[in-house]
Amino acid sequence: MGDRDRPLFVGPSALGSRIETERDGKLAVVESTAAATDHLSEETPACVVTDHAPPTRDCFELLGSTDSPVVVAPTDGGTSELATRALQAGAATYLDPTTVDDEPAAITDAIEQCVAAEQADVEARIEEFSSIVSHELRSPIQTAKSGIDLAKAQCDNRYLDEVDETIDRMDELIDNLLELLDTGETAIETTGVDLRAVVEAAWPDGTTASLTIDDELPTVEAERSRLQQLFENLFRNAVDHAGEEVEVRVGVVDDPDSAGGFYVADDGPGVAADRRELVFEYGYTDSESGTGLGLAIVEEIADAFGWTVTITDSETGGARFEITQVDIR
Amino acid sequence: MADTGDKTVLIVDDEEMVAESYELYLDDDYETIVEYSGGAALMELDQREVDLVLVDRRMPGMSGDVVIDHIEKWEMDFQVIMVTAVDPAVDIIDMPCDGYLTKPVGEDELLAAVDRAFRIKHYEDLIAEYNQLSEKYEVLTAQFSSRELSSENRFTELEARMEEMEAEIAETVEGFSDSKLSDAFRRLH
């Protein structure tokens, strides 16, 4: 959930700073509901924890004015009536800090649960959206492709081929959009991944292009499906720009300054120095069949792993994508 | 697998044009029947023998999921390939189908999936028969000496048939065009 800010605590600053310590500084603390309202006009916290001690701290005023999940934690002790009212007014959780031994730890737990629930909720909504998008868009594409093939069986017409290619591009675009949704918004869990196995799995079937693995590839800290996506997009990019006869090489970046890393190089036309930043932008393409999303997704995935992508020239003057800052196991 | 002409594929998709295109792709190699709803497909299955069902997952009235649940309940012995526009979720693990394709599906992809499903079926049949034979072989070799058995014509025929089948199983495994699948099968032997 990239667009939510750090959680907010509304209550006594002494308790606030103890929670802040528990959360390694990832917490904003304000003393009053008025200050919280100001804060909320600037930021959208992943979670708001609020005391209830009117008039300075009024959880009900806050509950009505934020979309963030709210934990109500009355530091002077609560009542069951307050709990019921708070939950009815839309509080995500109610926690009476006076009933626990370790207040900061209990509130920190509540914040973490709240953030996790919100994240799960976002992921569920995205998944539902993706599933609707994929069905609503891929079904008509199937129908169109079927129609083209049926028409081609009856007559030979160059326009049919052109429409066929257009439909293939739309199909690729939809795949890219769905990948983007998946990459941008869902949590990443990394494990040790055998780079060579992923490279081989990502290499397209039935291509005349050739793949050479230059070095013994290491095991890297990543999420396999996204890493495979990264390679698939780089390989597709090479074939799109350098043609079906392209020779692609994958190996280890041998530079003491750049920590761990690997490269994907081709013997195609390369990328001019003044366009090396541009190619990662959404929608930028100089290939007729490109969607302008493939490399943007590569950068997005690399960012998600904390890696850096740069473009240089390969030995043959083609493009060489270097992925660095990689955690090698 | 050389002989595919006698295999029948039932195509089930509510989109007429889609169903017809599948028919076009498969027509050269297989007998095809087309139905446009889950209900009609089940009625067809009740009356005719088919070897493979290619079924769309989302259809109005009766979904592909319901169709294949019925097929499983009726313990019908043929291959099932599910075709869908939705990216697969983990629930496909429990789904009683032998293949899963994501739309849009083109001619090559469809033919490859159907061929693969038939190869798997062929492989399963071979293994089942081979297991039966090797069971009998074990019993007989435990009961009689090899000298006694070697004079029995029926036993030498059994041995020959088993050898023949071993070769055929190996050949079938080699024939899987997907190298990952052939590797997996090879590990089994």
# chains A, B, ... in the order shown; residues from 1 in each chain; ligands from 1
$ select_by_dssp --residues "segment 61-234 of chain A" --states "alpha helix (DSSP H)" --output "PyMOL selection string"
chain A and resi 61-63+80-88+103-154+158-185+195-202+224-234
$ residues_around --residues "Glu277 of chain A" --least-positions-apart "5" --cutoff "12 Å" --atoms "only C-alpha atoms" --output "list of chain:residue names"
A:Val271, A:Ala272, A:Tyr282, A:Tyr284, A:Leu295, A:Ala296, A:Glu299, A:Val309, A:Thr310, A:Ile311, A:Thr312
$ write_last_selection --atoms "N, CA and C atoms" --output "mmCIF file, in the first residue's frame"
data_model
loop_
_atom_site.group_PDB
_atom_site.id
_atom_site.type_symbol
_atom_site.label_atom_id
_atom_site.label_comp_id
_atom_site.auth_asym_id
_atom_site.auth_seq_id
_atom_site.Cartn_x
_atom_site.Cartn_y
_atom_site.Cartn_z
ATOM 1 N N VAL A 271 20.017 1.459 -27.282
ATOM 2 C CA VAL A 271 19.189 2.607 -26.906
ATOM 3 C C VAL A 271 20.088 3.835 -26.859
ATOM 4 N N ALA A 272 19.722 4.877 -27.627
ATOM 5 C CA ALA A 272 20.543 6.098 -27.657
ATOM 6 C C ALA A 272 20.621 6.699 -26.259
ATOM 7 N N TYR A 282 5.895 5.224 -18.589
ATOM 8 C CA TYR A 282 4.678 4.569 -19.052
ATOM 9 C C TYR A 282 4.266 5.087 -20.413
ATOM 10 N N TYR A 284 5.742 5.016 -23.196
ATOM 11 C CA TYR A 284 6.771 5.362 -24.175
ATOM 12 C C TYR A 284 7.157 4.128 -24.980
ATOM 13 N N LEU A 295 8.842 -2.037 -20.217
ATOM 14 C CA LEU A 295 10.007 -1.607 -19.442
ATOM 15 C C LEU A 295 9.598 -0.830 -18.196
ATOM 16 N N ALA A 296 8.441 -0.130 -18.275
ATOM 17 C CA ALA A 296 7.940 0.548 -17.082
ATOM 18 C C ALA A 296 7.683 -0.497 -15.990
ATOM 19 N N GLU A 299 10.950 -1.643 -14.427
ATOM 20 C CA GLU A 299 11.460 -0.734 -13.399
ATOM 21 C C GLU A 299 10.631 -0.820 -12.125
ATOM 22 N N VAL A 309 17.774 -0.229 -12.070
ATOM 23 C CA VAL A 309 17.950 -0.647 -13.461
ATOM 24 C C VAL A 309 18.617 0.480 -14.239
ATOM 25 N N THR A 310 19.682 0.157 -14.950
ATOM 26 C CA THR A 310 20.284 1.163 -15.826
ATOM 27 C C THR A 310 20.527 0.540 -17.195
ATOM 28 N N ILE A 311 20.632 1.409 -18.210
ATOM 29 C CA ILE A 311 20.891 0.919 -19.562
ATOM 30 C C ILE A 311 22.277 1.394 -19.997
ATOM 31 N N THR A 312 23.047 0.481 -20.563
ATOM 32 C CA THR A 312 24.323 0.871 -21.165
ATOM 33 C C THR A 312 24.393 0.182 -22.532
#
$ interface_residues --of "chain B" --to "chain A" --cutoff "10 Å" --atoms "only C-alpha atoms" --output "PyMOL selection string"
chain B and resi 15-25+58+84-89+102-107+178+180
$ select_by_dssp --residues "segment 19-58 of chain B" --states "strand (DSSP E or B)" --output "list in words"
Glu31, Thr32, Ile33, Val34, Glu35, Leu52, Val53, Leu54, Val55 and Asp56 of chain B
$ write_last_selection --atoms "N, CA and C atoms" --output "mmCIF file, in the first residue's frame"
data_model
loop_
_atom_site.group_PDB
_atom_site.id
_atom_site.type_symbol
_atom_site.label_atom_id
_atom_site.label_comp_id
_atom_site.auth_asym_id
_atom_site.auth_seq_id
_atom_site.Cartn_x
_atom_site.Cartn_y
_atom_site.Cartn_z
ATOM 1 N N GLU B 31 -12.791 -35.699 -34.562
ATOM 2 C CA GLU B 31 -14.238 -35.521 -34.719
ATOM 3 C C GLU B 31 -14.643 -34.435 -33.737
ATOM 4 N N THR B 32 -15.512 -33.509 -34.118
ATOM 5 C CA THR B 32 -15.918 -32.489 -33.156
ATOM 6 C C THR B 32 -17.434 -32.409 -33.038
ATOM 7 N N ILE B 33 -17.890 -32.087 -31.818
ATOM 8 C CA ILE B 33 -19.296 -31.784 -31.571
ATOM 9 C C ILE B 33 -19.303 -30.439 -30.862
ATOM 10 N N VAL B 34 -20.285 -29.568 -31.188
ATOM 11 C CA VAL B 34 -20.329 -28.260 -30.538
ATOM 12 C C VAL B 34 -21.635 -28.100 -29.781
ATOM 13 N N GLU B 35 -21.530 -27.612 -28.541
ATOM 14 C CA GLU B 35 -22.735 -27.242 -27.792
ATOM 15 C C GLU B 35 -22.536 -25.853 -27.214
ATOM 16 N N LEU B 52 -12.852 -36.191 -25.153
ATOM 17 C CA LEU B 52 -12.340 -34.996 -24.481
ATOM 18 C C LEU B 52 -13.409 -33.912 -24.521
ATOM 19 N N VAL B 53 -13.527 -33.175 -23.402
ATOM 20 C CA VAL B 53 -14.462 -32.049 -23.368
ATOM 21 C C VAL B 53 -13.665 -30.772 -23.170
ATOM 22 N N LEU B 54 -13.949 -29.799 -24.036
ATOM 23 C CA LEU B 54 -13.302 -28.498 -23.962
ATOM 24 C C LEU B 54 -14.391 -27.542 -23.516
ATOM 25 N N VAL B 55 -14.295 -27.045 -22.278
ATOM 26 C CA VAL B 55 -15.448 -26.316 -21.750
ATOM 27 C C VAL B 55 -15.065 -24.920 -21.258
ATOM 28 N N ASP B 56 -15.887 -23.938 -21.634
ATOM 29 C CA ASP B 56 -15.694 -22.563 -21.196
ATOM 30 C C ASP B 56 -16.092 -22.486 -19.724
#
$ residues_around --residues "Gln79 of chain B" --least-positions-apart "3" --cutoff "10 Å" --atoms "only C-alpha atoms" --output "compact mmCIF listing (two decimals) with N, CA, C and O atoms, in the first residue's frame"
# COMPACT_ATOMS: atom_id res chain seq x y z
N VAL B 9 -14.05 -34.79 -29.79
CA VAL B 9 -13.93 -33.69 -28.84
C VAL B 9 -15.25 -32.94 -28.79
O VAL B 9 -15.81 -32.56 -29.82
N VAL B 50 -17.61 -39.48 -25.80
CA VAL B 50 -16.60 -38.53 -26.27
C VAL B 50 -15.29 -38.84 -25.57
O VAL B 50 -15.26 -39.54 -24.56
N ASP B 51 -14.20 -38.31 -26.12
CA ASP B 51 -12.89 -38.58 -25.54
C ASP B 51 -12.32 -37.38 -24.80
O ASP B 51 -11.44 -37.51 -23.96
N LEU B 52 -12.85 -36.19 -25.15
CA LEU B 52 -12.34 -35.00 -24.48
C LEU B 52 -13.41 -33.91 -24.52
O LEU B 52 -14.12 -33.76 -25.52
N VAL B 53 -13.53 -33.18 -23.40
CA VAL B 53 -14.46 -32.05 -23.37
C VAL B 53 -13.66 -30.77 -23.17
O VAL B 53 -12.82 -30.68 -22.28
N LEU B 54 -13.95 -29.80 -24.04
CA LEU B 54 -13.30 -28.50 -23.96
C LEU B 54 -14.39 -27.54 -23.52
O LEU B 54 -15.33 -27.30 -24.26
N MET B 76 -17.23 -40.19 -15.34
CA MET B 76 -17.01 -40.38 -16.78
C MET B 76 -15.51 -40.37 -17.06
O MET B 76 -14.76 -39.60 -16.47
N PRO B 96 -11.65 -30.77 -11.06
CA PRO B 96 -11.42 -32.04 -11.76
C PRO B 96 -11.21 -31.83 -13.26
O PRO B 96 -12.04 -32.24 -14.07
N CYS B 97 -10.11 -31.18 -13.65
CA CYS B 97 -9.85 -31.04 -15.08
C CYS B 97 -8.38 -31.37 -15.37
O CYS B 97 -7.53 -31.30 -14.49
N ASP B 98 -8.11 -31.74 -16.62
CA ASP B 98 -6.77 -32.20 -16.99
C ASP B 98 -5.95 -31.11 -17.65
O ASP B 98 -4.76 -31.28 -17.89
N GLY B 99 -6.61 -30.00 -18.00
CA GLY B 99 -5.89 -28.90 -18.63
C GLY B 99 -6.60 -27.60 -18.36
O GLY B 99 -7.80 -27.60 -18.04
N VAL B 114 -4.79 -30.06 -26.41
CA VAL B 114 -5.59 -31.25 -26.66
C VAL B 114 -4.67 -32.47 -26.85
O VAL B 114 -4.90 -33.54 -26.27
N ALA B 117 -3.35 -33.53 -23.49
CA ALA B 117 -4.35 -34.22 -22.67
C ALA B 117 -4.51 -35.67 -23.13
O ALA B 117 -4.60 -36.59 -22.32
N PHE B 118 -4.51 -35.90 -24.46
CA PHE B 118 -4.64 -37.27 -24.97
C PHE B 118 -3.40 -38.11 -24.65
O PHE B 118 -3.50 -39.29 -24.35
N ILE B 120 -1.51 -37.74 -22.04
CA ILE B 120 -1.58 -38.07 -20.61
C ILE B 120 -2.53 -39.25 -20.40
O ILE B 120 -2.23 -40.19 -19.68
N LYS B 121 -3.67 -39.20 -21.10
CA LYS B 121 -4.66 -40.28 -20.99
C LYS B 121 -4.03 -41.61 -21.46
O LYS B 121 -4.18 -42.65 -20.80
$ atom_distance --atom1 "atom CA of Gly261 of chain A" --atom2 "atom CA of Leu177 of chain A"
27.1 Å
$ residues_around --residues "segment 168-172 of chain B" --least-positions-apart "5" --cutoff "8 Å" --atoms "only C-alpha atoms" --output "list of chain:residue names"
B:Arg119, B:His122, B:Tyr123, B:Leu126, B:Ile127
$ residues_around --residues "segment 36-49 of chain A" --least-positions-apart "6" --cutoff "7 Å" --atoms "only C-alpha atoms" --output "PyMOL selection string"
chain A and resi 4-10+30+68-73+111+114-115
$ residues_around --residues "Trp203 of chain A" --least-positions-apart "2" --cutoff "12 Å" --atoms "only C-alpha atoms" --output "ChimeraX atom specification"
/A:196-201,205-213,228-239,248-250,264
$ atom_distance --atom1 "atom CA of Ala92 of chain A" --atom2 "atom CA of Pro74 of chain A"
14.3 Å
$ residues_around --residues "segment 100-108 of chain A" --least-positions-apart "6" --cutoff "7 Å" --atoms "only C-alpha atoms" --output "list in words"
Leu15, Arg18, Ile19, Glu22 and Arg23 of chain A
